[in-house]
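Below is one structure, written out as structure tokens; the observations come after it.
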Amino acid sequence: MKQTVLHSIHVASGARLVDFSGWHMPVQYTGILAEHLATRRRAGLFDVSHMGRFAVSGPEALLFLRRALTNDAAKLVPGRAQYTLLANDRGGAIDDAYLYRFCAGEYLLVVNAGNRDRDWAHLSELAADCDVQLIDRSDELAMVSLQGPLAEDLLADLIGPLPGERRNDCGPCQYAGHELLVMRTGYTGEPVCLELAVPNELAGDLWQQLVAAGATPVGLGARDTLRLEAALPLYGHEFGTDADGNEIPIFSCPLAKFGVDLADPARQFVGREALAHQIVQGTPRRLRKLVLTDKGIARAGARVVLAGREVGVVTSGTMVPYWQFGDGVPGEGTGKRALALALLDREIPSEAAVAVQVRSREIAARIVPRFLNNRTGRHAVPELL
């Protein structure tokens with residue numbers, strides 16, 4: 001298995017490591033629930049160096065990106081980032097990604113670890129007739145994610161003022177005499193979210209400095225519960241193919257509206273025609289949020305029924321912890337709730353009562369508009385039934 005530059009630190013920390021897309025990665029350190037709660041209350045620190053990082057530059061870099069990606073890179077000014085997708089001609093997702101523009105002529109595209117080689121081959125083929133330079137920087141740049149209400153304070157104490165103030169701002173900073181790329185993005189739903197691309201030789205020192213400052217190391221287990229609570233899609237679950245092997249249309253996921261831009265009719269990108277058709281015709285199923293109201297856990301592949309009829313399938317589901325809040329801040333009490341994302345027939349009404357089939361029984365569930373409120377301050381606050 002491949003190892004990130006931080007692998008020895010994970011081992012020394014006593015992390016439980018597993019095979020994840022061919023990488024030997026920490027799934028947990030002290031426990032999934034504890035790491036989830038630590039991120040929501042203070043700050044969680046994640047090793048995401050396994051993800052792919054492709055640098056894009058050259059005279060026709062923008063022309064290439066506008067053809068290869070669903071979002072319009074022409075709207076990306078220096079110091080900003082955007083969520084985007086690599087689509088196929090059928091309107092399905094090859095991958096979802098984040099595009100960063102740190103300066104006028106250079107971009108950084110971050111893709112999922114399991115799709116890195118396939119994405120590289122796809123992009124290289126599209127770049128064959130463009131005057132563009134693609135460089136895979138995945139092995140020379142480490143990447144860590146610092147998420148949570150105190151994340152900005154902890155990092156600023158180490159490197160000074162951070163670039164920007166808004167989500168999706170990005171820019172360079174200095175750390176130990178070297179350039180560090182700071183991005184206000186993340187995969188946890190936290191209002192305060194930072195991701196850092198750092199030269200390999202500095203990654204271990206930065207990690208240990210952040211832990212010493214109070215950040216909690218977090219493994220892949222809590223990373224998944226955090227992203228589920230934030231209702232963020234995961235390739236292979238909410239994008240790609242469903243439990244029956246059928247391709248999931250990109251616009252089945254409501255968040256796709258932030259990653260697809262059809263405003264410029266002259267911009268012809270891969271999948272444009274199919275995606276335009278999805279907007280006009282709709283998709284057979286839509287991704288919805290479920291809270292289980294009876295005891296049990298819904299796992300990916302479980303069938304969703306309404307009045308005895310199958311109306312969808314769970315794409316992600318597990319038990320998720322939460323802090324009990326008072327006056328906008330977390331108290332000392334905690335709870336747990338079973339959450340799921342599911343592709344449901346589009347005619348199912350909002351907030352409908354449904355059931356999830358788990359083994360030989362049906363578990364009651366309700367469709368909800370959201371699991372978290374992360375727009376009113378520094379904390380992501382659970383929306384409870």
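Starting from 1 in every chain, residues are counted up; chains themselves are A, B, ... following the order of the structure tokens, and ligands are numbered from 1 as listed.
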
Could you give me, as a tab-separated table, every range 249-286 of chain A residue with an atom at most 6 Å from range 327-350 of chain A, plus its closest atom pair and distance in Å to one decimal, counting only C-alpha atoms, rows ordered by chain then number?
```
residue	atom	partner	partner_atom	distance
A:Pro284	CA	A:Arg346	CA	5.9
A:Arg285	CA	A:Asp345	CA	4.3
A:Arg286	CA	A:Leu343	CA	5.2
```

Selection: 8 Å around Arg303 in chain A, only C-alpha atoms, excl. self and same-chain fewer than 3 positions, as a ChimeraX atom specification: /A:310-314,356-358

Would you mind exporting the chosen residues as a JSON list (two decimals), in the first residue's frame, restricted to C-alpha atoms?
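This is the output file part.json:
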```
[["chain", "number", "residue", "atom", "x", "y", "z"],
["A", 310, "GLU", "CA", -39.99, 0.72, -3.05],
["A", 311, "VAL", "CA", -39.21, 4.38, -3.76],
["A", 312, "GLY", "CA", -35.44, 4.55, -3.48],
["A", 313, "VAL", "CA", -32.15, 3.32, -2.08],
["A", 314, "VAL", "CA", -29.78, 4.51, 0.63],
["A", 356, "VAL", "CA", -35.81, 1.82, 5.40],
["A", 357, "GLN", "CA", -35.62, -1.94, 4.99],
["A", 358, "VAL", "CA", -32.88, -3.37, 7.21]]
```

As a compact mmCIF listing (two decimals) with C-alpha atoms, in the first residue's frame, please: all residues of range 263-300 of chain A that backbone DSSP puts in strand (DSSP E).
```
# COMPACT_ATOMS: atom_id res chain seq x y z
CA ARG A 285 -34.48 10.19 -8.48
CA ARG A 286 -33.16 12.94 -6.21
CA LEU A 287 -30.77 12.73 -3.30
CA ARG A 288 -32.63 13.34 -0.03
CA LYS A 289 -31.69 13.47 3.65
CA LEU A 290 -33.20 10.94 6.06
CA VAL A 291 -33.29 10.86 9.83
CA LEU A 292 -34.27 7.48 11.25
```

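Counting only C-alpha atoms, the residue from A:Arg272, A:Gly301, A:Asp95, A:Met143 that sits nearest to Asp244 in chain A is A:Gly301.
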
Contacts of range 375-381 of chain A at 6 Å or less, counting only C-alpha atoms, minus same-chain residues fewer than 4 places along, as a PDB file with C-alpha atoms, in the first residue's frame?
```pdb
ATOM      1  CA  PRO A 149     -14.580  26.589  15.092  1.00  0.00           C
ATOM      2  CA  GLU A 190     -17.760  23.386   9.319  1.00  0.00           C
ATOM      3  CA  PRO A 191     -18.168  27.163   8.891  1.00  0.00           C
TER       4      PRO A 191
END
```

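Near Tyr187 in chain A, within 9 Å and counting only C-alpha atoms, sit Ser145, Gln147, Cys193, Arg223, Asp224, Leu226, Arg227, Ala230 and Leu232 of chain A; same-chain residues fewer than 6 positions away were not included.
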
Selection above as a file: N, CA and C atoms, as a CSV table (one decimal), in the first residue's frame:
```csv
chain,number,residue,atom,x,y,z
A,145,SER,N,-6.0,19.0,6.3
A,145,SER,CA,-7.2,19.7,6.5
A,145,SER,C,-7.4,20.0,7.9
A,147,GLN,N,-10.2,21.7,10.4
A,147,GLN,CA,-11.6,22.0,10.3
A,147,GLN,C,-12.2,22.2,11.7
A,193,CYS,N,-13.2,26.5,7.9
A,193,CYS,CA,-12.6,25.3,7.2
A,193,CYS,C,-11.4,25.7,6.5
A,223,ARG,N,-14.1,11.4,9.4
A,223,ARG,CA,-14.2,12.2,8.2
A,223,ARG,C,-15.5,11.9,7.4
A,224,ASP,N,-15.9,10.6,7.4
A,224,ASP,CA,-17.1,10.2,6.7
A,224,ASP,C,-18.3,10.5,7.5
A,226,LEU,N,-18.6,13.1,9.5
A,226,LEU,CA,-18.7,14.5,9.4
A,226,LEU,C,-19.3,14.9,8.1
A,227,ARG,N,-18.8,14.3,7.0
A,227,ARG,CA,-19.3,14.7,5.7
A,227,ARG,C,-20.8,14.3,5.5
A,230,ALA,N,-23.0,16.7,7.1
A,230,ALA,CA,-23.0,17.9,6.3
A,230,ALA,C,-23.8,17.6,5.0
A,232,LEU,N,-22.8,16.0,2.4
A,232,LEU,CA,-21.9,16.2,1.2
A,232,LEU,C,-21.7,14.9,0.5
```

Close residues, Arg80 in chain A itself excluded, 9 Å, only C-alpha atoms, min 3 positions apart in chain, as JSON, numbers by chain: {"A": [76, 77, 99, 100, 101, 102, 164, 167, 168, 169, 170, 171, 183]}

Of the listed residues A:Leu180, A:Ala93, A:Leu220, A:Leu62, that which approaches Leu162 in chain A most closely, counting only C-alpha atoms: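 Under the stated criterion, the closest residue is A:Leu180.
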